[in-house]
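Reading through the structure tokens given below for one structure.
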Amino acid sequence: MHDSGDQDPIVQEHTSTVLVVDDVPENIAVLAGILRDEYRVVIATNGPDALALAQRTLVDLVLLDVMMPGMSGYEVCAQLKRDAATRDIPVLFVTSLGEHYNEERGLTLGAVDYLQKPCHAAIVRLRVRLHLQLHNQNLLLERRVSERTKELEDTRKEVVRRLGRAAEYRDNETGMHVIRMSKSARLIALAAGLPLARANLLFEAAPMHDVGKIGIPDSVLLKPGSLNPEEWAQMKTHPTIGAEIIGNHDSDLLRLARLVALTHHERWDGSGYPAGLAGEAIPLEGRIVAIADVFDALTSARPYKAAWSTEKSLALMRAQEGSAFEPRLLQAFLSIVPEIEQLRLEFSDAHSFNQDW
């Protein structure tokens with residue numbers, strides 16, 4: 001493999017790189033001579049070297065001979081298109097094979113053009129320029145779509161967070177419970193062996209767990225004493241209200257938010273609400289949020305109770321292992337209590353509502 005182009009890094013930064021692949025040195029010299037004034041030209045004299053060069057060099061376009069010993073140009077093109085790292089590089093076949101079925105085969109393999117030797121210099125320059133422009137426009141479009149998609153996803157996450165905190169604000173005036181609980185849920189998920197991506201999605205969805213409180217009257221939600229049976233029946237509707245508020249969406253985030261809102265008050269033994277689900281019929285994320293939510297609720301002050309100590313809260317939760325909580329998940333939670341406690345310090349109710357997550 002050889003590099004016949006200018007090695008100046010500044011030029012490389014602003015100049016497209018064209019890989020010329022041909023087993024005949026004279027053919028390489030002709031194509032390199034045509035292109036070198038406008039592009040950085042790198043060369044390979046066989047298929048394996050071409051594939052290796054495409055892997056380690058930022059190649060913008062490939063000019064590829066078909067008839068080469070060992071690995072043909074068709075095989076090289078097929079391998080380039082199978083590899084995620086190189087599949088988007090435009091490939092132009094440059095060959096003496098002129099039958100229509102040769103051209104058809106090359107285009108079917110993913111090439112963008114098919115030039116016959118001998119090639120006129122002006123035609124080569126025009127075709128290369130055209131396909132590089134199209135390639136760069138596609139890259140720009142993909143980048144803009146990616147940026148827009150990320151912007152929309154970030155906006156969706158922020159709306160979920162803010163709605164969750166708005167609901168929490170009704171009975172916890174700092175709104176910090178939803179932050180602590182969401183971060184705790186992610187820690188429990190990771191301790192239980194969930195993949196990072198799934199744990200992070202749970203962290204983003206969990207703030208909506210109690211959004212259904214928006215539909216509970218203040219006389220019930222903020223009552224300083226115990227609820228009577230009628231009031232308790234009203235309170236138990238908030239998971240269903242929350243699921244209705246979130247609705248049904250294609251978004252993974254909103255689907256999980258709805259699932260968590262609907263199931264975080266179910267209990268391992270089937271005595272929870274609203275559906276009385278038991279065991280693994282309760283979605284895993286709902287089981288995780290149940291643990292994170294109960295611990296933070298116990299250790300936080302509410303209109304109807306003072307904050308419990310960590311020791312008293314953990315004792316109650318241990319006593320409910322196998323009834324309220326799945327034993328395996330509770331043990332995962334207990335193994336990271338120091339980390340959960342650190343969250344309570346960092347995001348205490350004394351902090352600002354607008355504290356960064």
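Ligands are numbered from 1 in the order shown, residues from 1 within each chain, and chains are lettered A, B, ... in the order they appear in the structure tokens.
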
* To do: Excluding region 52-59 of chain A and residues on its chain fewer than 4 positions from it, collect all residues at most 8 Å away from it, counting only C-alpha atoms, and give them as a PyMOL selection string.
  => chain A and resi 16-19+44+48+85-86+89

Output file for the selection above: N, CA and C atoms, as an mmCIF file, in the first residue's frame:
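Produced file part19.cif, reproduced below:
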```cif
data_model
loop_
_atom_site.group_PDB
_atom_site.id
_atom_site.type_symbol
_atom_site.label_atom_id
_atom_site.label_comp_id
_atom_site.auth_asym_id
_atom_site.auth_seq_id
_atom_site.Cartn_x
_atom_site.Cartn_y
_atom_site.Cartn_z
ATOM 1 N N SER A 16 -10.990 15.874 0.540
ATOM 2 C CA SER A 16 -11.540 14.517 0.513
ATOM 3 C C SER A 16 -10.464 13.517 0.120
ATOM 4 N N THR A 17 -10.578 12.309 0.667
ATOM 5 C CA THR A 17 -9.628 11.235 0.380
ATOM 6 C C THR A 17 -10.269 10.221 -0.548
ATOM 7 N N VAL A 18 -9.586 9.941 -1.659
ATOM 8 C CA VAL A 18 -10.056 8.969 -2.646
ATOM 9 C C VAL A 18 -9.101 7.776 -2.623
ATOM 10 N N LEU A 19 -9.671 6.590 -2.449
ATOM 11 C CA LEU A 19 -8.891 5.347 -2.482
ATOM 12 C C LEU A 19 -8.986 4.751 -3.884
ATOM 13 N N ALA A 44 -4.160 1.153 -3.272
ATOM 14 C CA ALA A 44 -3.945 -0.239 -2.888
ATOM 15 C C ALA A 44 -3.924 -1.061 -4.171
ATOM 16 N N PRO A 48 -7.388 -7.241 -0.253
ATOM 17 C CA PRO A 48 -7.164 -7.210 1.197
ATOM 18 C C PRO A 48 -6.527 -5.906 1.671
ATOM 19 N N ALA A 85 -18.671 0.092 9.359
ATOM 20 C CA ALA A 85 -17.704 1.190 9.356
ATOM 21 C C ALA A 85 -17.437 1.726 7.952
ATOM 22 N N THR A 86 -17.711 0.922 6.914
ATOM 23 C CA THR A 86 -17.364 1.328 5.549
ATOM 24 C C THR A 86 -18.542 1.296 4.575
ATOM 25 N N ILE A 89 -19.393 4.401 2.320
ATOM 26 C CA ILE A 89 -18.412 4.995 1.408
ATOM 27 C C ILE A 89 -18.852 4.746 -0.036
#
```

Write out as a Markdown table a residue-level contact list of region 324-346 of chain A versus region 174-192 of chain A with cut-off 8 Å: for each qualifying residue the closest pair of atoms and the distance in Å to one decimal, counting only C-alpha atoms, rows sorted by chain and residue number upward.
```
| residue | atom | partner | partner_atom | distance |
| --- | --- | --- | --- | --- |
| A:Arg328 | CA | A:Ala192 | CA | 7.8 |
| A:Leu329 | CA | A:Ala192 | CA | 6.4 |
| A:Ala332 | CA | A:Ala191 | CA | 5.5 |
| A:Phe333 | CA | A:Ile188 | CA | 5.4 |
| A:Ser335 | CA | A:Ala191 | CA | 7.8 |
| A:Ile336 | CA | A:Ala191 | CA | 7.5 |
| A:Ile340 | CA | A:Ser184 | CA | 6.0 |
| A:Leu343 | CA | A:Arg180 | CA | 6.2 |
| A:Arg344 | CA | A:Arg180 | CA | 6.6 |
```

Report as JSON lines the residues of region 260-317 of chain A within 8 Å of region 231-242 of chain A, each with its shortest atom pair and distance in Å (one decimal), using only C-alpha atoms, ordered by chain and increasing residue number.
```
{"residue": "A:Ala261", "atom": "CA", "partner": "A:Pro239", "partner_atom": "CA", "distance": 5.3}
{"residue": "A:Leu262", "atom": "CA", "partner": "A:Pro239", "partner_atom": "CA", "distance": 4.6}
{"residue": "A:Thr263", "atom": "CA", "partner": "A:Pro239", "partner_atom": "CA", "distance": 7.1}
{"residue": "A:His264", "atom": "CA", "partner": "A:Pro239", "partner_atom": "CA", "distance": 7.8}
{"residue": "A:His265", "atom": "CA", "partner": "A:Pro239", "partner_atom": "CA", "distance": 7.7}
{"residue": "A:Tyr273", "atom": "CA", "partner": "A:Lys236", "partner_atom": "CA", "distance": 6.8}
{"residue": "A:Pro274", "atom": "CA", "partner": "A:Lys236", "partner_atom": "CA", "distance": 6.7}
```

* To do: Name all residues at most 7 Å from region 282-287 of chain A (count only C-alpha atoms; drop same-chain ones fewer than 4 positions away) and give them as JSON, numbers by chain.
  => {"A": [202, 260, 263, 264, 266, 277, 278, 291]}

Written file, previous selection with C-alpha atoms, as a short mmCIF file (atom, residue, chain, number, x, y, z; two decimals), in the first residue's frame:
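Dumped to out_39.cif:
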```cif
data_model
loop_
_atom_site.label_atom_id
_atom_site.label_comp_id
_atom_site.auth_asym_id
_atom_site.auth_seq_id
_atom_site.Cartn_x
_atom_site.Cartn_y
_atom_site.Cartn_z
CA LEU A 202 -35.83 3.65 33.98
CA VAL A 260 -44.14 2.36 36.09
CA THR A 263 -47.54 -0.84 38.60
CA HIS A 264 -45.34 0.74 41.27
CA GLU A 266 -48.34 -3.61 43.17
CA LEU A 277 -50.61 -8.41 40.34
CA ALA A 278 -48.25 -10.85 42.05
CA ILE A 291 -38.59 -0.28 46.55
#
```

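With only C-alpha atoms as the atoms that count, the minimum distance from Leu51 (chain A) to the choices A:Arg87, A:Arg143, A:Arg36, A:Lys117 is reached by A:Arg87.
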
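Proximity of A:Leu196, A:Ala290, A:Val112, A:Val41 to Trp268 (chain A), computed with only C-alpha atoms, is greatest for A:Ala290.
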
* Going by DSSP on the backbone, which bits of region 120-303 of chain A are helix (DSSP H, G or I)? Write them as an NGL selection string, please. => :A and (121-168 or 177-191 or 196-208 or 211-215 or 218-221 or 229-235 or 238-246 or 252-263 or 279-281 or 284-298)

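DSSP on the backbone gives strand (DSSP E) for these parts of region 97-338 of chain A: Asp113, Tyr114, Leu115 and Gln116 of chain A.
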
Generate a file of the selected residues that holds C-alpha atoms, formatted as a short mmCIF file (atom, residue, chain, number, x, y, z; two decimals), in the first residue's frame.
```cif
data_model
loop_
_atom_site.label_atom_id
_atom_site.label_comp_id
_atom_site.auth_asym_id
_atom_site.auth_seq_id
_atom_site.Cartn_x
_atom_site.Cartn_y
_atom_site.Cartn_z
CA ASP A 113 -21.39 4.30 -10.52
CA TYR A 114 -19.63 2.20 -13.17
CA LEU A 115 -16.96 3.68 -15.43
CA GLN A 116 -15.37 1.90 -18.37
#
```

* May I ask which of the residues A:Val289, A:Leu227, A:Ala275, A:Ala281 is the closest one to Met208 (chain A), counting only C-alpha atoms? =>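 Of all the options, A:Val289 lies closest to Met208 (chain A).
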
* Non-local contacts of region 24-33 of chain A (9 Å; only C-alpha atoms; under 6 positions in same chain excluded) as number ranges by chain -> A: 4-5, 41-45, 63, 68, 119, 121, 124

* Have a look at CA of His209 (chain A) and CA of Arg255 (chain A) and let me know their distance in Å, one decimal. =>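 CA of Arg255 (chain A) lies at a distance of 12.0 Å from CA of His209 (chain A).
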
* Structure fact -> Between CA of Asp210 (chain A) and CA of Ala243 (chain A) lies a distance of 9.6 Å

* Got a sec: who's within 7 Å of Arg267 (chain A), counting only C-alpha atoms, leaving out chain neighbours fewer than 5 positions off, as a VMD selection string? -> chain A and resid 272 278 323 to 325

* Residue nearest Glu75 (chain A) among A:Tyr39, A:Phe295, A:Phe347, A:Phe93 (counting only C-alpha atoms) -> A:Phe93

* To do: Skip Pro118 (chain A) itself and residues of its chain fewer than 4 positions away, then list as a count of residues only all residues within 9 Å of it, counting only C-alpha atoms.
  => 3

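The gap separating CA of Lys150 (chain A) from CA of His135 (chain A) is 22.4 Å, in Å to one decimal.
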